[in-house]
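A.B. asks: Have a peek at coords-v9.csv (CSV, C-alpha atoms).
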chain,number,residue,atom,x,y,z
A,20,ARG,CA,10.8,-15.3,14.4
A,21,ALA,CA,9.0,-18.3,13.0
A,22,MET,CA,5.2,-18.1,12.8
A,23,ASP,CA,2.6,-20.8,13.3
A,24,ALA,CA,1.6,-21.9,9.8
A,25,SER,CA,-1.9,-23.1,10.8
A,26,VAL,CA,-2.6,-19.7,12.4
A,27,ILE,CA,-1.4,-17.7,9.5
A,28,LYS,CA,-3.3,-20.0,7.0
A,29,SER,CA,-6.5,-19.6,8.9
A,30,TRP,CA,-6.1,-15.8,9.0
A,31,LEU,CA,-5.5,-15.7,5.3
A,32,GLU,CA,-8.5,-17.9,4.6
A,33,GLU,CA,-10.7,-15.4,6.3
A,34,LYS,CA,-10.0,-13.1,3.3
A,35,GLU,CA,-10.5,-9.9,5.4
A,36,ALA,CA,-10.4,-6.7,3.4
A,37,TYR,CA,-7.3,-4.5,4.0
A,38,ALA,CA,-5.9,-6.9,6.6
A,39,TYR,CA,-2.9,-8.2,4.7
A,40,SER,CA,-1.2,-5.0,3.5
A,41,TYR,CA,2.0,-3.6,5.2
A,42,GLN,CA,2.5,-6.9,7.1
A,43,ALA,CA,5.6,-9.1,7.7
A,44,LEU,CA,5.4,-12.8,7.3
A,45,THR,CA,8.5,-14.7,8.5
A,46,GLN,CA,9.7,-18.3,8.4
A,47,VAL,CA,6.3,-19.8,7.8
A,48,ASP,CA,5.3,-22.6,5.3
A,49,LEU,CA,2.3,-21.6,3.3
A,50,SER,CA,2.7,-24.1,0.5
A,51,SER,CA,-0.2,-25.5,-1.5
A,52,GLY,CA,-2.6,-22.9,-0.4
A,53,ASP,CA,-5.0,-20.7,-2.3
A,54,TYR,CA,-4.6,-17.0,-1.4
A,55,SER,CA,-6.1,-15.6,-4.6
A,56,SER,CA,-7.5,-12.1,-4.8
A,57,LEU,CA,-5.9,-10.8,-1.6
A,58,ASP,CA,-4.3,-7.4,-1.2
A,59,PHE,CA,-0.7,-7.9,0.0
A,60,ARG,CA,0.6,-4.5,-1.0
A,61,HIS,CA,3.9,-3.6,0.7
A,62,THR,CA,4.0,-6.8,2.7
A,63,ALA,CA,7.4,-8.4,3.4
A,64,PHE,CA,7.7,-12.2,3.0
A,65,ARG,CA,10.9,-13.4,4.7
A,66,GLN,CA,12.2,-17.0,4.5
A,67,ILE,CA,8.8,-18.3,3.7
A,68,LYS,CA,7.6,-21.2,1.6
A,69,MET,CA,4.7,-20.8,-0.8
A,70,GLU,CA,5.5,-23.6,-3.2
A,71,HIS,CA,2.6,-24.6,-5.5
A,72,SER,CA,0.4,-22.0,-3.9
A,73,ARG,CA,-2.1,-20.0,-5.9
A,74,LEU,CA,-2.0,-16.2,-5.7
A,75,HIS,CA,-4.1,-15.5,-8.7
A,76,SER,CA,-5.2,-11.8,-9.2
A,77,CYS,CA,-3.5,-10.6,-6.0
A,78,ILE,CA,-2.2,-7.1,-5.4
A,79,LEU,CA,1.5,-7.6,-4.7
A,80,ALA,CA,2.7,-4.2,-5.5
A,81,GLY,CA,5.7,-3.1,-3.4
A,82,THR,CA,6.1,-6.6,-1.8
A,83,VAL,CA,9.5,-7.8,-0.7
A,84,TRP,CA,10.4,-11.5,-0.9
A,85,GLN,CA,13.6,-12.5,0.9
A,86,GLU,CA,15.0,-16.0,0.6
A,87,ALA,CA,11.6,-17.2,-0.4
A,88,GLN,CA,10.9,-20.7,-1.8
A,89,LEU,CA,8.2,-20.1,-4.5
A,90,ASP,CA,8.7,-23.1,-6.8
A,91,GLY,CA,5.5,-23.8,-8.8
A,92,ILE,CA,3.7,-20.7,-7.4
A,93,ASP,CA,0.8,-19.2,-9.6
A,94,LEU,CA,0.9,-15.4,-9.6
A,95,SER,CA,-1.0,-15.0,-12.9
A,96,TYR,CA,-2.9,-11.8,-13.4
A,97,SER,CA,-1.5,-10.3,-10.2
A,98,LEU,CA,-0.2,-6.7,-9.9
A,99,LEU,CA,3.6,-6.8,-9.3
A,100,HIS,CA,4.6,-3.2,-9.6
A,101,GLY,CA,7.7,-2.5,-7.6
A,102,ALA,CA,7.9,-6.1,-6.2
A,103,ASP,CA,11.3,-7.5,-5.3
A,104,PHE,CA,12.0,-11.2,-5.9
A,105,SER,CA,15.8,-11.0,-6.0
A,106,GLY,CA,17.5,-14.2,-5.0
A,107,CYS,CA,14.3,-16.2,-4.7
A,108,SER,CA,13.5,-19.6,-6.2
A,109,LEU,CA,10.6,-19.7,-8.6
A,110,HIS,CA,11.2,-22.8,-10.6
A,111,GLY,CA,8.2,-23.6,-12.8
A,112,ALA,CA,6.3,-20.7,-11.5
A,113,VAL,CA,3.4,-19.1,-13.5
A,114,LEU,CA,3.4,-15.4,-13.9
A,115,ASP,CA,1.2,-15.2,-17.0
A,116,ALA,CA,-0.5,-11.9,-17.7
A,117,VAL,CA,1.0,-10.2,-14.6
A,118,SER,CA,1.2,-6.4,-14.5
A,119,GLY,CA,4.5,-5.1,-13.3
A,120,ASN,CA,5.5,-2.2,-15.6
A,121,ARG,CA,7.7,0.5,-14.3
A,122,ALA,CA,5.1,3.2,-13.8
A,123,TYR,CA,4.9,6.8,-12.7
A,124,GLY,CA,2.1,9.2,-11.9
A,125,SER,CA,-1.4,8.6,-10.4
A,126,ASP,CA,-3.2,6.6,-13.0
A,127,GLU,CA,-6.1,4.4,-11.9
A,128,TRP,CA,-5.2,2.2,-8.9
A,129,LEU,CA,-1.8,3.9,-8.6
A,130,ASP,CA,-3.4,6.9,-7.0
A,131,TRP,CA,-2.2,5.7,-3.6
A,132,GLU,CA,1.4,5.6,-4.8
A,133,PRO,CA,1.9,9.1,-6.4
A,134,PHE,CA,5.6,8.6,-6.9
A,135,GLY,CA,5.2,5.5,-9.0
A,136,TRP,CA,7.1,2.3,-9.2
A,137,ASP,CA,10.4,0.8,-10.4
A,138,GLY,CA,10.2,-2.3,-12.5
A,139,VAL,CA,9.9,-5.8,-10.9
A,140,ASN,CA,13.3,-6.9,-9.5
A,141,PHE,CA,14.2,-10.6,-10.1
A,142,THR,CA,18.0,-10.1,-9.8
A,143,GLY,CA,19.8,-13.4,-9.2
A,144,ALA,CA,16.5,-15.4,-9.0
A,145,SER,CA,16.1,-19.0,-10.1
A,146,LEU,CA,13.4,-19.0,-12.8
A,147,GLN,CA,14.0,-22.2,-14.7
A,148,GLY,CA,10.9,-23.2,-16.7
A,149,THR,CA,8.9,-20.2,-15.4
A,150,SER,CA,6.1,-18.8,-17.6
A,151,PHE,CA,5.7,-15.1,-18.2
A,152,GLN,CA,3.3,-15.4,-21.1
A,153,SER,CA,1.6,-12.0,-22.0
A,154,ALA,CA,3.2,-10.4,-18.9
A,155,GLN,CA,3.6,-6.7,-18.8
A,156,LEU,CA,7.1,-6.2,-17.4
A,157,GLN,CA,8.5,-3.0,-18.8
A,158,GLY,CA,11.7,-2.1,-17.0
A,159,ALA,CA,11.9,-5.4,-15.1
A,160,VAL,CA,15.4,-6.5,-13.9
A,161,PHE,CA,16.4,-10.2,-14.6
A,162,GLN,CA,20.1,-9.6,-14.2
A,163,ASP,CA,22.2,-12.8,-13.4
A,164,CYS,CA,19.0,-14.9,-13.3
A,165,SER,CA,18.7,-18.6,-14.2
A,166,LEU,CA,16.0,-18.5,-16.9
A,167,GLN,CA,16.6,-21.8,-18.8
A,168,ARG,CA,13.5,-22.8,-20.8
A,169,ALA,CA,11.5,-19.8,-19.5
A,170,SER,CA,8.6,-18.6,-21.7
A,171,PHE,CA,8.1,-15.0,-22.5
A,172,VAL,CA,5.6,-15.5,-25.3
A,173,GLY,CA,3.8,-12.3,-26.0
A,174,ALA,CA,5.4,-10.5,-23.1
A,175,ASP,CA,6.2,-6.7,-23.1
A,176,LEU,CA,9.8,-6.5,-21.9
A,177,THR,CA,10.5,-3.0,-23.1
A,178,ASP,CA,13.7,-1.6,-21.4
A,179,ALA,CA,14.0,-4.8,-19.3
A,180,CYS,CA,17.5,-6.0,-18.3
A,181,PHE,CA,18.7,-9.6,-18.8
A,182,ALA,CA,22.4,-8.7,-18.4
A,183,GLY,CA,24.4,-11.8,-17.4
A,184,ALA,CA,21.3,-14.1,-17.3
A,185,ASP,CA,21.2,-17.7,-18.5
A,186,LEU,CA,18.4,-17.8,-21.1
A,187,THR,CA,19.3,-21.2,-22.6
A,188,GLY,CA,16.3,-22.6,-24.4
A,189,ALA,CA,14.0,-19.7,-23.5
A,190,THR,CA,11.2,-18.6,-25.8
A,191,PHE,CA,10.5,-15.0,-26.8
A,192,THR,CA,7.9,-15.5,-29.6
A,193,GLY,CA,5.8,-12.4,-30.1
A,194,ALA,CA,7.6,-10.6,-27.2
A,195,CYS,CA,8.4,-6.8,-27.3
A,196,LEU,CA,12.2,-6.3,-26.8
A,197,ALA,CA,12.5,-2.6,-27.5
A,198,GLY,CA,15.5,-1.4,-25.5
A,199,THR,CA,15.9,-4.7,-23.7
A,200,ASP,CA,19.4,-5.3,-22.5
A,201,PHE,CA,20.9,-8.8,-23.1
A,202,THR,CA,24.6,-7.8,-22.5
A,203,GLY,CA,26.6,-10.8,-21.4
A,204,ALA,CA,23.5,-13.1,-21.4
A,205,LYS,CA,23.6,-16.7,-22.5
A,206,VAL,CA,21.1,-17.1,-25.4
A,207,SER,CA,21.9,-20.6,-26.7
A,208,ARG,CA,19.0,-22.2,-28.5
A,209,VAL,CA,17.0,-19.0,-28.3
A,210,HIS,CA,15.4,-17.8,-31.5
A,211,PHE,CA,14.9,-14.1,-32.1
A,212,THR,CA,13.2,-12.4,-35.0
A,213,ARG,CA,15.0,-9.8,-37.1
A,214,GLU,CA,12.9,-7.1,-35.5
A,215,GLN,CA,13.8,-8.3,-32.0
A,216,LEU,CA,17.5,-8.4,-32.8
A,217,ASN,CA,17.4,-4.9,-34.2
A,218,GLU,CA,15.5,-3.4,-31.2
A,219,ALA,CA,17.3,-5.2,-28.3
A,220,ILE,CA,20.7,-4.3,-26.9
A,221,GLY,CA,23.6,-6.7,-26.7
A,222,LEU,CA,22.4,-9.2,-29.3
A,223,SER,CA,24.7,-8.0,-32.2
A,224,ALA,CA,26.7,-11.2,-32.0
A,225,VAL,CA,23.6,-13.4,-32.5
A,226,ALA,CA,23.1,-14.5,-36.1
A,227,MET,CA,20.2,-13.1,-38.0
A,228,PRO,CA,17.5,-15.8,-38.6
A,229,SER,CA,18.0,-17.5,-42.0
A,230,PRO,CA,15.3,-17.1,-44.5
A,231,SER,CA,13.2,-20.2,-45.1
A,232,PRO,CA,13.7,-22.2,-48.4
A,233,SER,CA,10.2,-21.1,-49.6
A,234,SER,CA,11.1,-17.4,-49.1
A,235,LEU,CA,14.4,-17.9,-51.0
A,236,ILE,CA,12.5,-19.5,-53.9
A,237,ALA,CA,10.0,-16.7,-53.9
A,238,SER,CA,12.8,-14.1,-53.8
A,239,GLN,CA,14.6,-15.8,-56.7
A,240,ALA,CA,11.5,-16.0,-58.8
A,241,THR,CA,10.7,-12.3,-58.2
A,242,ASP,CA,14.3,-11.4,-59.2
A,243,THR,CA,14.0,-13.4,-62.4
A,244,VAL,CA,10.7,-11.7,-63.3
A,245,SER,CA,12.1,-8.3,-62.6
A,246,LYS,CA,15.0,-8.9,-65.0
A,247,GLY,CA,12.6,-10.1,-67.7
A,248,GLY,CA,13.4,-13.7,-67.5
A,249,GLY,CA,10.9,-16.5,-68.2
A,250,MET,CA,9.4,-18.7,-65.6
Would you write the structure of this file as structure tokens?

C.D. replies:
Amino acid sequence: RAMDASVIKSWLEEKEAYAYSYQALTQVDLSSGDYSSLDFRHTAFRQIKMEHSRLHSCILAGTVWQEAQLDGIDLSYSLLHGADFSGCSLHGAVLDAVSGNRAYGSDEWLDWEPFGWDGVNFTGASLQGTSFQSAQLQGAVFQDCSLQRASFVGADLTDACFAGADLTGATFTGACLAGTDFTGAKVSRVHFTREQLNEAIGLSAVAMPSPSPSSLIASQATDTVSKGGGM
């Protein structure tokens, strides 16, 4: 059932330790609020609005987001291990430096989740213009997502899945794409390095980047010298 937004906001603003984990927030508008540094592990967010809210440095591991409107939300530096954002709207959201790697074992803060986590699930989410700069998202699932103009600059996307996603105009400068699956993805106006093309899956049809004119001149000069020609 729908909740009273003013009551929930007041409760969150109290920033009580251990009070917000394993909860269920339903049909409440929490937009434009600052809920940074809170521990929401394993909380379910159903049909809520958190547009342009700030959840900086939160623990969001194991959270479930169902039909959530999260456009412009700031989740930077939060822990997202095992979070499920499938089908949600995150247009222009900021997920810079989030940690959401698929992980197993009992390292550091994962000691309370001994069986580990799957990667973050964004299946079918709307992520146009979303920023994932320097994000740690090994094993994340972006299948069938709308990711036009998204930024993955410096992100670790090892073994992530972008199958069927629309990545038109997205940026992967400095991103790690080892084992990343782009099968059936739209990659128009996306520039990949030769190393990225060699490491990723499903990009064989994408043309290798052409060498710059300066590198061609240098190559020709080297070839001439090696053959004993004059300069």

A.B. asks: Which residues are near Leu196 (chain A)? Cut-off 10 Å, all atoms listed in the file, ignore same chain within fewer than 2 positions. Put them as a ChimeraX atom specification.

C.D. replies: /A:157,174-179,191,193-194,198-201,211,214-220

A.B. asks: So which residues touch Trp84 (chain A) within 8 Å, counting only C-alpha atoms, skipping near sequence neighbours fewer than 5 positions away, as a count of residues only?

C.D. replies: 9

A.B. asks: Tell me, as a PyMOL selection string, which residues lie within 8 Å of region 70-82 of chain A, counting only C-alpha atoms; anything in the same chain fewer than 2 positions away does not count.

C.D. replies: chain A and resi 49-64+68+84+88-103

A.B. asks: Calculate how many Å separate CA of Asp185 (chain A) from CA of Met69 (chain A), rounding to one decimal.

C.D. replies: 24.4 Å

A.B. asks: Using only C-alpha atoms for the distances, tell me which of A:Leu114, A:Met22, A:Gln155, A:Val206 is nearest to Ser170 (chain A).

C.D. replies: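 Using only C-alpha atoms, Ser170 (chain A) sits closest to A:Leu114.
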
A.B. asks: Report, in Å to a single decimal, how far apart CA of Leu109 (chain A) and CA of Ile27 (chain A) are.

C.D. replies: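 Between CA of Ile27 (chain A) and CA of Leu109 (chain A) the gap is 21.8 Å.
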
A.B. asks: Can you tell me, as a PyMOL selection string, what residues are no more than 6 Å from region 136-150 of chain A when counting only C-alpha atoms, ignoring any on the same chain fewer than 6 positions away?

C.D. replies: chain A and resi 101-114+119-122+158-170

A.B. asks: Could you tell me how far CA of Gly183 (chain A) sits from CA of Lys205 (chain A), in Å to one decimal place?

C.D. replies: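 Pair CA of Lys205 (chain A) / CA of Gly183 (chain A) returns 7.1 Å.
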
A.B. asks: Out of A:Ala154, A:Val209, A:Leu44, A:Val172, which residue has the shortest atom-to-atom distance to Gly188 (chain A) when counting all atoms listed in the file?

C.D. replies: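 Among the listed residues, the smallest separation from Gly188 (chain A) belongs to A:Val209.
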